Amino acid sequence: MKTYQITVLKGDGIGPEIVDQAIKVLNKVTEKYHVRINYQEEYIGGAAIDATGIPLPQQTIDACQASDAVLLGAVGGPKWDSMPGNRRPETGLLGIRSALGLYANLRPAVIFEPLRSASPLKEEIIGDALDILVVRELTGGIYFGQRGRNTVDSVESAYDTERYSVTEVERIAHIGFEMAQKRNKSLCSVDKANVLESSRLWRETVIRVSQEYPDVALEHMYVDNCAMQLVRNPKQFDVILTSNIFGDILSDEASMISGSIGMLASASLGKNQFGLYEPIHGSAPDIAGTGKANPLATILSVAMMLRYTLGEPQAAKAIETAVAEVLTKARTPDIYTEGTQLVNCSEMGDLVCELL
Ligand code: IPM
Ligand code: MG
């Protein structure tokens, strides 16, 4: 029997409850497909600060490096908001992405048919389907550039630096083009090349890489225009390729178009199919422990894990089908509509398992 080692980083807020549901679903589906998973739980974020004093203990990095994949819940919360910037829970998340070399972040924004009315956009704008893949560069740019503060003539300033090397742009561009080849063969590279030098390098590099993918139609768009086009005509997009910070912003926007940020999964990939899988939403401290959290984004992240790291596309598909089906009858509060059954986080996990 194939056996995989997964490091589980539940994190903060709703993290533990949603991850528990995803594990429940993963156990159910892998039993059926004859795969065995060993789990090892480690600390990250605020939970790690409470237990060890820092947001990313070395033991967590070591465990992740020794495993086949990582499943993460969410990090952060008001309890740690007053910590200095370099000790905040979020630093743990950036740190693990960087330590594991997870430069490619895939964030699919899809509308599940039963949730069409949950999209804030008019039906005529979304049409009968919406399926966008945001490919976000994850270990470079302003998130990892030089930053600091200084005081000149008693006026304090702060700075953060956006910097990209050709190598960093090339490798993420290849991922974008490869994804586009498997989809509708259309790639929109998003930058701010009318202002930023780093964006001009980004664009030149993407154009060069595009020569290796003659079957993919390449378009360039400024990020401000892209933010507008996403609500004006989201159907024009297939794959959006963009930098770390622009991808952070545009993926939240794309997720909302699809109805609820509680539905969207993500994969952060490095070399050799290694990946970290997490929902794109945050730790929602306001509803933690109330049972109101929607576990479907994390459940769908486990499906991505089966597809991209564990090489079990059928098991991945089985989860996605079960999720689409469960939505026709049961909903957590964030996506509830009349005529469906209102369920809590763990009931939703149970229902997905029943459909598998
Ligand atoms: C995300 C989150 C993180 C990011 C935060 C929590 C550091 O917003 O994964 O999109 O900005 O990358
Ligand atoms: Mg974000």
# chains A, B, ... in the order shown; residues from 1 in each chain; ligands from 1
$ closest_atom_pairs --of "chain A" --to "ligand 1" --cutoff "9 Å" --atoms "only C-alpha atoms and all ligand atoms" --output "tab-separated table"
residue	atom	partner	partner_atom_place_in_ligand_line	distance
A:Ala74	CA	ligand 1	6 (C)	7.7
A:Val75	CA	ligand 1	6 (C)	6.6
A:Gly76	CA	ligand 1	6 (C)	7.2
A:Pro89	CA	ligand 1	6 (C)	8.2
A:Glu90	CA	ligand 1	7 (C)	4.7
A:Thr91	CA	ligand 1	7 (C)	7.0
A:Gly92	CA	ligand 1	7 (C)	8.6
A:Leu93	CA	ligand 1	7 (C)	6.3
A:Leu94	CA	ligand 1	7 (C)	6.3
A:Leu138	CA	ligand 1	12 (O)	7.6
A:Tyr143	CA	ligand 1	11 (O)	8.2
A:Asn244	CA	ligand 1	12 (O)	7.6
A:Ile245	CA	ligand 1	11 (O)	7.3
A:Gly247	CA	ligand 1	10 (O)	8.0
A:Asp248	CA	ligand 1	10 (O)	4.8
A:Ile249	CA	ligand 1	10 (O)	7.6
A:Ser251	CA	ligand 1	10 (O)	7.5
A:Asp252	CA	ligand 1	10 (O)	7.3
A:Ser266	CA	ligand 1	9 (O)	8.8
A:Glu278	CA	ligand 1	9 (O)	8.4
A:Pro279	CA	ligand 1	9 (O)	8.2
A:Ile280	CA	ligand 1	9 (O)	5.7
A:His281	CA	ligand 1	1 (C)	7.1
A:Gly282	CA	ligand 1	6 (C)	6.6
A:Ser283	CA	ligand 1	6 (C)	8.7
$ closest_atom_pairs --of "stretch 187-276 of chain A" --to "stretch 4-28 of chain A" --cutoff "12 Å" --atoms "only C-alpha atoms" --output "CSV"
residue,atom,partner,partner_atom,distance
A:Gly262,CA,A:Ile18,CA,10.4
A:Met263,CA,A:Ile18,CA,11.7
A:Ala265,CA,A:Ala22,CA,11.5
A:Phe274,CA,A:Ile6,CA,10.8
A:Gly275,CA,A:Ile6,CA,10.2
A:Leu276,CA,A:Thr7,CA,9.2
$ select_by_dssp --residues "stretch 61-212 of chain A" --states "helix (DSSP H, G or I)" --output "ChimeraX atom specification"
/A:61-65,78-80,85-87,89-99,113-118,123-126,141-143,166-182,197-210
$ residues_around --residues "A:Leu327" --least-positions-apart "4" --cutoff "7 Å" --atoms "only C-alpha atoms" --output "PyMOL selection string"
chain A and resi 114+323+331
$ residues_around --residues "A:Thr309" --least-positions-apart "3" --cutoff "12 Å" --atoms "only C-alpha atoms" --output "PyMOL selection string"
chain A and resi 4-6+67-71+267-277+301-306+312-313+316
$ closest_residue --among "A:Cys64, A:His34, A:Leu264, A:Ile54" --to "ligand 2" --atoms "only C-alpha atoms and all ligand atoms"
A:Leu264
$ decode --residues "stretch 314-337 of chain A" --atoms "N, CA, C and O atoms" --output "CSV table (one decimal), in the first residue's frame"
chain,number,residue,atom,x,y,z
A,314,GLN,N,-8.0,10.5,-9.3
A,314,GLN,CA,-9.4,10.1,-9.1
A,314,GLN,C,-9.9,10.3,-7.7
A,314,GLN,O,-11.1,10.7,-7.6
A,315,ALA,N,-9.1,10.2,-6.7
A,315,ALA,CA,-9.5,10.5,-5.4
A,315,ALA,C,-9.8,12.0,-5.3
A,315,ALA,O,-10.8,12.4,-4.6
A,316,ALA,N,-9.0,12.8,-5.9
A,316,ALA,CA,-9.2,14.3,-5.9
A,316,ALA,C,-10.6,14.6,-6.5
A,316,ALA,O,-11.4,15.3,-6.0
A,317,LYS,N,-10.9,14.0,-7.7
A,317,LYS,CA,-12.1,14.2,-8.3
A,317,LYS,C,-13.3,13.8,-7.5
A,317,LYS,O,-14.4,14.4,-7.4
A,318,ALA,N,-13.1,12.6,-6.8
A,318,ALA,CA,-14.2,12.1,-5.9
A,318,ALA,C,-14.6,13.1,-4.9
A,318,ALA,O,-15.7,13.4,-4.6
A,319,ILE,N,-13.6,13.8,-4.3
A,319,ILE,CA,-13.8,14.8,-3.3
A,319,ILE,C,-14.6,16.0,-3.9
A,319,ILE,O,-15.6,16.5,-3.4
A,320,GLU,N,-14.1,16.4,-5.0
A,320,GLU,CA,-14.7,17.6,-5.7
A,320,GLU,C,-16.2,17.3,-6.1
A,320,GLU,O,-17.0,18.2,-5.9
A,321,THR,N,-16.4,16.1,-6.5
A,321,THR,CA,-17.8,15.7,-6.9
A,321,THR,C,-18.7,15.7,-5.6
A,321,THR,O,-19.8,16.2,-5.6
A,322,ALA,N,-18.1,15.2,-4.5
A,322,ALA,CA,-18.9,15.1,-3.3
A,322,ALA,C,-19.2,16.5,-2.8
A,322,ALA,O,-20.3,16.8,-2.3
A,323,VAL,N,-18.2,17.4,-2.9
A,323,VAL,CA,-18.5,18.8,-2.5
A,323,VAL,C,-19.6,19.4,-3.3
A,323,VAL,O,-20.5,20.1,-2.8
A,324,ALA,N,-19.5,19.3,-4.6
A,324,ALA,CA,-20.5,19.8,-5.5
A,324,ALA,C,-21.9,19.3,-5.1
A,324,ALA,O,-22.9,20.0,-5.1
A,325,GLU,N,-22.0,18.0,-4.7
A,325,GLU,CA,-23.2,17.4,-4.4
A,325,GLU,C,-23.8,17.9,-3.0
A,325,GLU,O,-24.9,18.1,-2.9
A,326,VAL,N,-22.9,18.0,-2.1
A,326,VAL,CA,-23.3,18.3,-0.7
A,326,VAL,C,-23.9,19.7,-0.8
A,326,VAL,O,-24.9,20.0,0.0
A,327,LEU,N,-23.4,20.6,-1.6
A,327,LEU,CA,-23.9,22.0,-1.7
A,327,LEU,C,-25.3,22.1,-2.2
A,327,LEU,O,-26.0,23.1,-1.9
A,328,THR,N,-25.8,21.0,-2.8
A,328,THR,CA,-27.2,21.1,-3.3
A,328,THR,C,-28.2,20.9,-2.1
A,328,THR,O,-29.3,21.2,-2.2
A,329,LYS,N,-27.7,20.3,-1.0
A,329,LYS,CA,-28.6,20.1,0.1
A,329,LYS,C,-28.2,20.7,1.5
A,329,LYS,O,-29.0,21.0,2.3
A,330,ALA,N,-26.9,20.9,1.7
A,330,ALA,CA,-26.5,21.4,3.0
A,330,ALA,C,-25.6,22.6,2.9
A,330,ALA,O,-24.7,22.6,2.0
A,331,ARG,N,-25.7,23.5,3.9
A,331,ARG,CA,-24.8,24.7,3.8
A,331,ARG,C,-24.4,25.1,5.2
A,331,ARG,O,-25.2,25.1,6.2
A,332,THR,N,-23.2,25.6,5.3
A,332,THR,CA,-22.7,26.3,6.5
A,332,THR,C,-23.3,27.7,6.5
A,332,THR,O,-23.7,28.2,5.4
A,333,PRO,N,-23.3,28.5,7.6
A,333,PRO,CA,-23.9,29.8,7.6
A,333,PRO,C,-23.4,30.8,6.5
A,333,PRO,O,-24.2,31.6,6.0
A,334,ASP,N,-22.1,30.7,6.1
A,334,ASP,CA,-21.6,31.7,5.2
A,334,ASP,C,-22.2,31.6,3.8
A,334,ASP,O,-22.2,32.5,3.0
A,335,ILE,N,-22.8,30.4,3.5
A,335,ILE,CA,-23.3,30.2,2.1
A,335,ILE,C,-24.8,29.7,2.2
A,335,ILE,O,-25.4,29.3,1.2
A,336,TYR,N,-25.4,29.9,3.4
A,336,TYR,CA,-26.7,29.4,3.6
A,336,TYR,C,-27.8,30.1,2.8
A,336,TYR,O,-27.8,31.3,2.6
A,337,THR,N,-28.7,29.3,2.2
A,337,THR,CA,-29.9,29.9,1.6
A,337,THR,C,-31.1,29.0,2.0
A,337,THR,O,-30.9,27.8,2.2
